[in-house]
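This is entry-v7.cif (mmCIF, C-alpha atoms).
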data_data
loop_
_atom_site.label_atom_id
_atom_site.label_comp_id
_atom_site.auth_asym_id
_atom_site.auth_seq_id
_atom_site.Cartn_x
_atom_site.Cartn_y
_atom_site.Cartn_z
CA MET A 8 46.17 -55.27 87.37
CA ARG A 9 45.97 -52.69 90.11
CA GLY A 10 48.06 -50.27 88.08
CA LEU A 11 45.77 -50.69 85.05
CA ILE A 12 42.67 -49.99 87.14
CA SER A 13 44.28 -46.91 88.67
CA GLY A 14 45.23 -45.64 85.22
CA TRP A 15 41.67 -46.13 83.95
CA LYS A 16 40.23 -44.21 86.91
CA GLU A 17 42.72 -41.40 86.33
CA GLN A 18 41.68 -41.15 82.68
CA ARG A 19 38.04 -40.82 83.65
CA SER A 20 38.77 -38.15 86.26
CA ARG A 21 40.79 -36.18 83.70
CA GLY A 22 38.21 -36.54 80.97
CA MET A 23 40.58 -38.44 78.71
CA ALA A 24 40.31 -41.69 76.77
CA SER A 25 42.09 -43.54 73.99
CA LEU A 26 40.32 -44.72 70.82
CA GLN A 27 40.54 -47.75 68.60
CA GLN A 28 42.86 -46.90 65.71
CA THR A 29 41.83 -49.41 63.04
CA PRO A 30 41.77 -48.52 59.34
CA ALA A 31 38.50 -46.94 58.25
CA ALA A 32 36.07 -48.66 55.92
CA PRO A 33 35.00 -46.70 52.82
CA PHE A 34 32.20 -44.28 53.59
CA ASP A 35 29.39 -43.33 51.25
CA PHE A 36 28.67 -39.62 51.62
CA GLU A 37 26.10 -39.86 48.82
CA GLY A 38 23.28 -41.38 50.83
CA PHE A 39 22.91 -42.05 54.50
CA ALA A 40 20.16 -43.08 56.90
CA PRO A 41 19.95 -40.88 60.00
CA PRO A 42 22.17 -42.18 62.83
CA ASN A 43 21.40 -41.85 66.48
CA ASP A 44 20.87 -38.22 67.39
CA THR A 45 23.91 -36.53 68.88
CA GLY A 46 21.64 -34.16 70.78
CA LEU A 47 18.46 -32.14 70.57
CA GLU A 48 18.35 -30.09 67.37
CA SER A 49 15.85 -27.61 66.01
CA VAL A 50 14.80 -26.11 62.68
CA ILE A 51 13.23 -22.77 63.52
CA GLY A 52 10.42 -22.03 61.09
CA ASN A 53 11.64 -22.84 57.58
CA ASP A 54 14.97 -24.60 57.07
CA ASP A 55 17.21 -21.78 55.85
CA SER A 56 20.48 -23.72 55.66
CA VAL A 57 22.22 -23.97 52.29
CA ILE A 58 24.82 -26.35 50.88
CA VAL A 59 28.43 -25.16 50.73
CA ASN A 60 29.84 -26.18 47.36
CA ASP A 61 33.31 -24.66 47.68
CA THR A 62 34.66 -26.63 50.66
CA ALA A 63 38.22 -26.23 49.37
CA ASN A 64 38.07 -22.44 49.77
CA ALA A 65 38.12 -20.10 52.78
CA PRO A 66 36.62 -20.16 55.31
CA TRP A 67 35.38 -23.74 54.89
CA ARG A 68 38.62 -25.74 54.65
CA PRO A 69 39.02 -26.49 58.40
CA LEU A 70 35.41 -27.68 58.87
CA VAL A 71 35.37 -31.37 59.86
CA CYS A 72 32.84 -34.16 59.39
CA MET A 73 33.19 -37.12 61.78
CA ARG A 74 31.74 -40.61 61.84
CA ILE A 75 31.71 -41.75 65.42
CA LYS A 76 31.17 -45.17 66.99
CA ALA A 77 30.09 -45.41 70.60
CA PRO A 78 28.66 -48.37 72.52
CA GLY A 79 25.35 -49.17 70.82
CA GLU A 80 25.45 -46.06 68.63
CA PHE A 81 26.74 -44.76 65.32
CA LEU A 82 26.85 -40.97 65.05
CA ILE A 83 27.73 -38.19 62.67
CA GLY A 84 29.30 -35.09 64.23
CA SER A 85 30.93 -31.84 63.18
CA GLY A 86 34.01 -30.00 64.36
CA ILE A 87 36.74 -27.55 63.47
CA LEU A 88 40.44 -28.16 62.99
CA ILE A 89 42.47 -25.98 65.41
CA ARG A 90 45.85 -27.66 64.87
CA PRO A 91 47.00 -29.92 62.02
CA ASN A 92 46.11 -32.98 64.13
CA VAL A 93 43.56 -31.63 66.64
CA ILE A 94 39.79 -31.13 66.26
CA LEU A 95 37.66 -28.98 68.56
CA THR A 96 34.12 -30.35 68.92
CA ALA A 97 31.24 -30.91 71.34
CA ALA A 98 31.86 -33.18 74.33
CA HIS A 99 28.71 -35.19 73.63
CA ASN A 100 30.26 -36.29 70.33
CA VAL A 101 33.04 -38.09 72.22
CA TYR A 102 31.40 -38.97 75.56
CA ARG A 103 27.83 -40.32 75.69
CA LEU A 104 25.98 -39.39 78.84
CA ASN A 105 23.15 -41.84 78.11
CA SER A 106 25.56 -44.80 78.35
CA LYS A 107 28.29 -43.09 80.43
CA ALA A 108 30.83 -44.24 77.84
CA TYR A 109 33.43 -42.72 75.55
CA ALA A 110 33.31 -43.11 71.79
CA THR A 111 35.29 -46.14 70.69
CA SER A 112 36.38 -44.86 67.28
CA ILE A 113 36.30 -41.61 65.30
CA VAL A 114 37.11 -41.08 61.63
CA ALA A 115 37.36 -37.46 60.50
CA HIS A 116 37.17 -35.86 57.04
CA VAL A 117 37.72 -32.39 55.61
CA GLY A 118 36.82 -31.06 52.19
CA VAL A 119 33.73 -33.21 51.72
CA THR A 120 32.19 -32.37 48.35
CA THR A 121 28.67 -32.70 46.99
CA GLY A 122 30.01 -35.51 44.82
CA GLY A 123 30.68 -37.64 47.89
CA ASN A 124 34.46 -37.28 48.06
CA ALA A 125 36.65 -35.95 50.85
CA GLY A 126 39.88 -33.97 50.67
CA ALA A 127 41.54 -35.90 53.49
CA GLU A 128 40.79 -38.45 56.20
CA ALA A 129 42.33 -39.14 59.61
CA ILE A 130 41.61 -41.42 62.54
CA GLY A 131 41.17 -40.27 66.14
CA ALA A 132 43.77 -41.44 68.65
CA ARG A 133 42.39 -40.01 71.90
CA VAL A 134 39.93 -37.48 73.23
CA GLN A 135 39.83 -34.99 76.07
CA CYS A 136 36.72 -33.41 77.56
CA PRO A 137 36.02 -31.68 80.88
CA PRO A 138 35.77 -34.11 83.82
CA GLN A 139 32.70 -32.09 84.88
CA TYR A 140 30.97 -33.24 81.70
CA VAL A 141 31.83 -36.88 82.37
CA ALA A 142 30.43 -36.47 85.89
CA CYS A 143 27.01 -35.20 84.71
CA ALA A 144 24.06 -37.35 85.75
CA GLY A 145 22.76 -37.84 82.21
CA PRO A 146 21.84 -36.17 78.91
CA ASN A 147 19.18 -34.02 80.61
CA ASP A 148 21.48 -32.71 83.34
CA PRO A 149 21.47 -28.93 82.78
CA THR A 150 25.01 -28.57 84.16
CA ARG A 151 26.31 -30.32 81.03
CA LEU A 152 25.81 -27.20 78.92
CA ALA A 153 28.75 -25.35 80.46
CA PHE A 154 31.14 -28.24 79.76
CA ASP A 155 30.00 -29.49 76.35
CA PHE A 156 33.31 -29.15 74.50
CA ALA A 157 36.19 -31.50 73.73
CA VAL A 158 39.27 -32.03 71.60
CA ILE A 159 40.17 -35.03 69.45
CA HIS A 160 43.84 -35.83 68.84
CA LEU A 161 44.36 -37.52 65.46
CA THR A 162 46.91 -40.16 64.52
CA THR A 163 48.28 -38.04 61.66
CA ASP A 164 48.26 -34.45 60.39
CA ALA A 165 46.61 -35.46 57.09
CA LEU A 166 43.70 -33.07 57.70
CA GLY A 167 46.09 -30.23 58.46
CA LYS A 168 48.16 -30.86 55.34
CA TRP A 169 45.05 -30.68 53.17
CA THR A 170 43.64 -27.67 55.01
CA LYS A 171 47.01 -25.83 54.98
CA PRO A 172 48.37 -23.94 58.01
CA GLU A 173 47.12 -20.53 56.89
CA SER A 174 43.53 -21.84 56.80
CA ILE A 175 43.54 -23.33 60.31
CA PRO A 176 42.05 -20.71 62.65
CA ASP A 177 44.26 -19.71 65.57
CA VAL A 178 41.42 -19.80 68.08
CA LEU A 179 43.81 -20.32 70.99
CA SER A 180 45.22 -16.83 70.44
CA GLN A 181 41.95 -15.19 69.46
CA ALA A 182 40.36 -13.01 72.11
CA PRO A 183 36.78 -14.14 72.78
CA MET A 184 34.15 -11.94 71.16
CA SER A 185 32.77 -9.31 73.51
CA GLU A 186 29.09 -8.94 74.32
CA PRO A 187 28.70 -5.90 71.99
CA GLU A 188 30.54 -7.74 69.18
CA LEU A 189 28.29 -10.76 69.56
CA ARG A 190 25.14 -8.67 69.58
CA ALA A 191 26.18 -6.78 66.46
CA ALA A 192 27.48 -9.73 64.46
CA GLN A 193 25.82 -11.73 61.77
CA LEU A 194 26.98 -15.24 62.61
CA THR A 195 27.40 -18.30 60.43
CA LEU A 196 26.71 -21.80 61.74
CA ALA A 197 28.36 -24.52 59.66
CA GLY A 198 28.45 -28.29 59.97
CA TYR A 199 27.35 -31.61 58.55
CA PRO A 200 23.66 -32.20 59.34
CA VAL A 201 22.05 -35.51 58.40
CA TYR A 202 18.96 -35.50 56.17
CA ASP A 203 17.20 -38.81 55.61
CA GLY A 204 18.55 -40.42 52.43
CA GLN A 205 20.38 -37.29 51.30
CA PRO A 206 24.13 -36.79 50.88
CA ILE A 207 26.14 -35.68 53.88
CA VAL A 208 27.49 -32.30 52.83
CA LEU A 209 28.63 -29.13 54.52
CA ARG A 210 25.78 -26.71 55.14
CA LYS A 211 25.76 -23.17 56.46
CA GLY A 212 23.16 -20.88 57.92
CA LEU A 213 23.12 -17.23 58.90
CA GLY A 214 21.60 -15.68 61.98
CA ARG A 215 21.96 -13.49 65.01
CA ILE A 216 22.28 -13.86 68.75
CA VAL A 217 18.98 -14.02 70.62
CA SER A 218 20.50 -14.00 74.11
CA THR A 219 23.70 -14.91 75.94
CA THR A 220 24.74 -16.46 79.22
CA GLY A 221 28.19 -16.65 80.75
CA THR A 222 28.99 -19.82 78.79
CA GLY A 223 26.15 -20.00 76.29
CA LEU A 224 25.01 -18.39 73.05
CA LEU A 225 21.38 -18.68 71.95
CA TYR A 226 20.66 -17.90 68.29
CA ASP A 227 18.03 -18.26 65.58
CA MET A 228 20.04 -20.45 63.18
CA ASP A 229 18.73 -23.88 62.18
CA SER A 230 20.35 -27.19 63.08
CA LEU A 231 19.84 -30.92 62.57
CA PRO A 232 21.49 -34.06 64.02
CA GLY A 233 25.11 -34.25 62.92
CA GLN A 234 25.70 -30.53 63.30
CA SER A 235 26.78 -30.71 66.94
CA GLY A 236 30.36 -29.52 67.37
CA GLY A 237 30.30 -27.29 64.30
CA PRO A 238 31.49 -23.71 64.79
CA ALA A 239 29.42 -20.55 65.03
CA PHE A 240 31.56 -17.70 63.72
CA ARG A 241 31.70 -14.27 62.10
CA ILE A 242 33.17 -14.13 58.59
CA ASN A 243 35.52 -11.18 58.14
CA GLU A 244 35.54 -9.65 54.68
CA PRO A 245 37.39 -9.46 52.34
CA SER A 246 39.92 -11.96 53.75
CA LYS A 247 37.28 -14.64 54.49
CA SER A 248 39.00 -15.23 57.82
CA PHE A 249 36.67 -15.83 60.72
CA THR A 250 36.27 -14.91 64.33
CA PHE A 251 35.19 -17.88 66.42
CA ALA A 252 32.12 -17.35 68.63
CA GLY A 253 31.35 -20.86 69.92
CA LEU A 254 30.60 -24.54 69.28
CA HIS A 255 27.08 -25.62 68.40
CA THR A 256 25.80 -28.03 71.05
CA THR A 257 22.02 -28.34 71.11
CA GLY A 258 18.67 -27.03 69.97
CA GLN A 259 15.40 -26.05 71.55
CA GLU A 260 11.97 -25.30 70.15
CA ILE A 261 12.56 -21.62 69.41
CA GLU A 262 16.34 -21.24 69.52
CA ASN A 263 19.60 -23.17 69.20
CA ARG A 264 22.60 -23.08 71.48
CA ALA A 265 26.41 -22.93 71.27
CA ARG A 266 29.00 -23.33 73.98
CA ARG A 267 30.39 -19.80 73.98
CA TRP A 268 34.12 -19.33 73.32
CA GLU A 269 35.13 -17.42 76.43
CA ALA A 270 38.13 -17.23 78.78
CA SER A 271 37.53 -20.41 80.81
CA MET A 272 36.96 -22.60 77.76
CA GLN A 273 39.97 -21.09 76.02
CA LYS A 274 42.19 -21.75 79.05
CA THR A 275 40.98 -25.34 79.34
CA VAL A 276 41.71 -26.11 75.68
CA LYS A 277 45.12 -24.42 75.93
CA ASP A 278 45.95 -26.52 78.99
CA TRP A 279 44.91 -29.72 77.22
CA LEU A 280 47.08 -29.00 74.21
CA GLY A 281 49.97 -27.82 76.33
CA GLY A 282 49.94 -31.17 78.10
CA ALA A 283 49.15 -33.30 75.05
CA ALA A 284 52.72 -34.57 74.72
CA ASN A 285 52.61 -35.87 78.29
CA SER A 286 49.35 -37.74 77.74
CA ALA A 287 50.32 -39.55 74.53
CA ALA A 288 51.32 -42.77 76.30
CA ILE A 289 48.09 -43.12 78.29
CA ALA A 290 46.10 -46.16 77.19
#
Let me see the file written as structure tokens.
Amino acid sequence: MRGLISGWKEQRSRGMASLQQTPAAPFDFEGFAPPNDTGLESVIGNDDSVIVNDTANAPWRPLVCMRIKAPGEFLIGSGILIRPNVILTAAHNVYRLNSKAYATSIVAHVGVTTGGNAGAEAIGARVQCPPQYVACAGPNDPTRLAFDFAVIHLTTDALGKWTKPESIPDVLSQAPMSEPELRAAQLTLAGYPVYDGQPIVLRKGLGRIVSTTGTGLLYDMDSLPGQSGGPAFRINEPSKSFTFAGLHTTGQEIENRARRWEASMQKTVKDWLGGAANSAAIA
């Protein structure tokens, strides 16, 4: 018993937890009542987001929709595939500061169409997020913003097989966008927001940076619950490849926020994935 308790405490200190890996029930993307909010979100003025109909084409293939169960909550979240079996997303999708508890199960989909089908599905096996996020006092603790990112390790590479290796962005090797690049870029924010009674589909919006902090990006793009963890990025023409700018995390009255992809976040994610093989047996 003592060893089990020590192992549990070590998981918490390392920001790591295992998930239930039961088969997923069928999911109706056609109509859905809003789940619990995954964070504050904001539509700025008119809702300018539009539905993405070609989810099987670049650059949309690696965009992930997740249904997440946590104690007392059912959530929809967004993310981006960064390896065939690894999703990068917001920490508050996998660890709930209001209950101080990890998600208990995550089912992820890519290629969700307006007809309610998905290209592939996979189940989450374990998650990793910064211990500093787990240690935050609650959902209103401002220190959470610098640590609101996480990875989800999946039980299979089904999402990666559908997405195809050439469509999975190599964000671990990508140099973070510089301040001048960010200021000059037209960014896209993409994810799976939840509208009352409407299908869950991939939506995108365009906008520009309003201001930056060391770890934050503030922009004028709209967001709704479910969009947390979706990427903000610059689309590079004509290849349709993209340069990753950050993960959408929260909204405010006049602007929305991403956790900026910068050197410290990049190093943390690299370290997690470098040690993933050693953490596989942790329960």
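The coordinates place atom CA of A:Ser235 at 18.2 Å from atom CA of A:Ser106.
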request  = Quick one: everything within 12 Å of A:Tyr102, counting all atoms listed in the file, minus sequence neighbours fewer than 4 positions away in the same chain. Send it as a ChimeraX atom specification.
outcome  = /A:19,22-26,45-46,75-78,80,82,96-98,106-113,133-143,145-146,151,154-159
task = Translate the PyMOL selection byres ((chain A and resi 131) around 6), as applied to the file shown, into an explicit residue set as a list in words.
result = Ile113, Ile130, Ala132, Arg133, His160, Leu161 and Thr162 of chain A
request  = Report as a ChimeraX atom specification the residues that result from applying the PyMOL selection byres ((chain A and resi 208-215) around 6) to the structure here.
outcome  = /A:56-59,121,193-199,206-207,216,226-228
Resulting file, chosen residues, C-alpha atoms, as a compact mmCIF listing (two decimals), in the coordinates of the input:
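out12.txt written:
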# COMPACT_ATOMS: atom_id res chain seq x y z
CA SER A 56 20.48 -23.72 55.66
CA VAL A 57 22.22 -23.97 52.29
CA ILE A 58 24.82 -26.35 50.88
CA VAL A 59 28.43 -25.16 50.73
CA THR A 121 28.67 -32.70 46.99
CA GLN A 193 25.82 -11.73 61.77
CA LEU A 194 26.98 -15.24 62.61
CA THR A 195 27.40 -18.30 60.43
CA LEU A 196 26.71 -21.80 61.74
CA ALA A 197 28.36 -24.52 59.66
CA GLY A 198 28.45 -28.29 59.97
CA TYR A 199 27.35 -31.61 58.55
CA PRO A 206 24.13 -36.79 50.88
CA ILE A 207 26.14 -35.68 53.88
CA ILE A 216 22.28 -13.86 68.75
CA TYR A 226 20.66 -17.90 68.29
CA ASP A 227 18.03 -18.26 65.58
CA MET A 228 20.04 -20.45 63.18
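With atom CA of A:Trp268 on one side and atom CA of A:Thr222 on the other, the separation reads 7.5 Å.
Pairwise distance (atom CA of A:Ser218, atom CA of A:Ile87) equals 23.7 Å.
Using only C-alpha atoms, the smallest distance between any of A:Thr250, A:Ser180, A:Thr220, A:Thr163 and A:Val93 comes from A:Thr163.
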Which residues would end up in the selection if the PyMOL selection byres ((chain A and resi 224) around 10) were applied here, given that I need the answer as a short mmCIF file (atom, residue, chain, number, x, y, z; two decimals) with C-alpha atoms, in the coordinates of the input?
data_model
loop_
_atom_site.label_atom_id
_atom_site.label_comp_id
_atom_site.auth_asym_id
_atom_site.auth_seq_id
_atom_site.Cartn_x
_atom_site.Cartn_y
_atom_site.Cartn_z
CA LEU A 189 28.29 -10.76 69.56
CA ARG A 215 21.96 -13.49 65.01
CA ILE A 216 22.28 -13.86 68.75
CA VAL A 217 18.98 -14.02 70.62
CA SER A 218 20.50 -14.00 74.11
CA THR A 219 23.70 -14.91 75.94
CA THR A 220 24.74 -16.46 79.22
CA GLY A 221 28.19 -16.65 80.75
CA THR A 222 28.99 -19.82 78.79
CA GLY A 223 26.15 -20.00 76.29
CA LEU A 225 21.38 -18.68 71.95
CA TYR A 226 20.66 -17.90 68.29
CA ALA A 239 29.42 -20.55 65.03
CA ALA A 252 32.12 -17.35 68.63
CA GLY A 253 31.35 -20.86 69.92
CA LEU A 254 30.60 -24.54 69.28
CA HIS A 255 27.08 -25.62 68.40
CA THR A 256 25.80 -28.03 71.05
CA GLU A 262 16.34 -21.24 69.52
CA ASN A 263 19.60 -23.17 69.20
CA ARG A 264 22.60 -23.08 71.48
CA ALA A 265 26.41 -22.93 71.27
CA ARG A 266 29.00 -23.33 73.98
CA ARG A 267 30.39 -19.80 73.98
CA TRP A 268 34.12 -19.33 73.32
#
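Between A:Ala125 and the candidates A:Leu152, A:Ile94, A:Val71, A:Leu104, the tightest atom-to-atom separation, counting all atoms listed in the file, involves A:Val71.
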inquiry  = When you look at A:Asp177 with a cut-off of 10 Å (counting only C-alpha atoms), what residues show up, excluding the ones that are within fewer than 5 positions of it in the same chain? I need them as a ChimeraX atom specification.
reply    = /A:88-90,172,249-251
query = Between A:Pro66, A:Gly122, A:Gly86, A:Gly79, which has the minimum distance to A:Arg103 (counting all atoms listed in the file)?
reply = A:Gly79
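Restricting the calculation to all atoms listed in the file, the smallest distance between A:Val119 and any of A:Ser271, A:Asn105, A:Thr150, A:Asn64 is found for A:Asn64.
Counting only C-alpha atoms and comparing A:Ile83, A:Leu95, A:Ala63, A:Ala115, the residue that lies closest to A:Asp164 is A:Ala115.
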ask   = Excluding same-chain residues fewer than 5 positions from A:Ala127, what lies within 7 Å of it counting all atoms listed in the file, as number ranges by chain?
value = A: 116-118, 165-166, 169
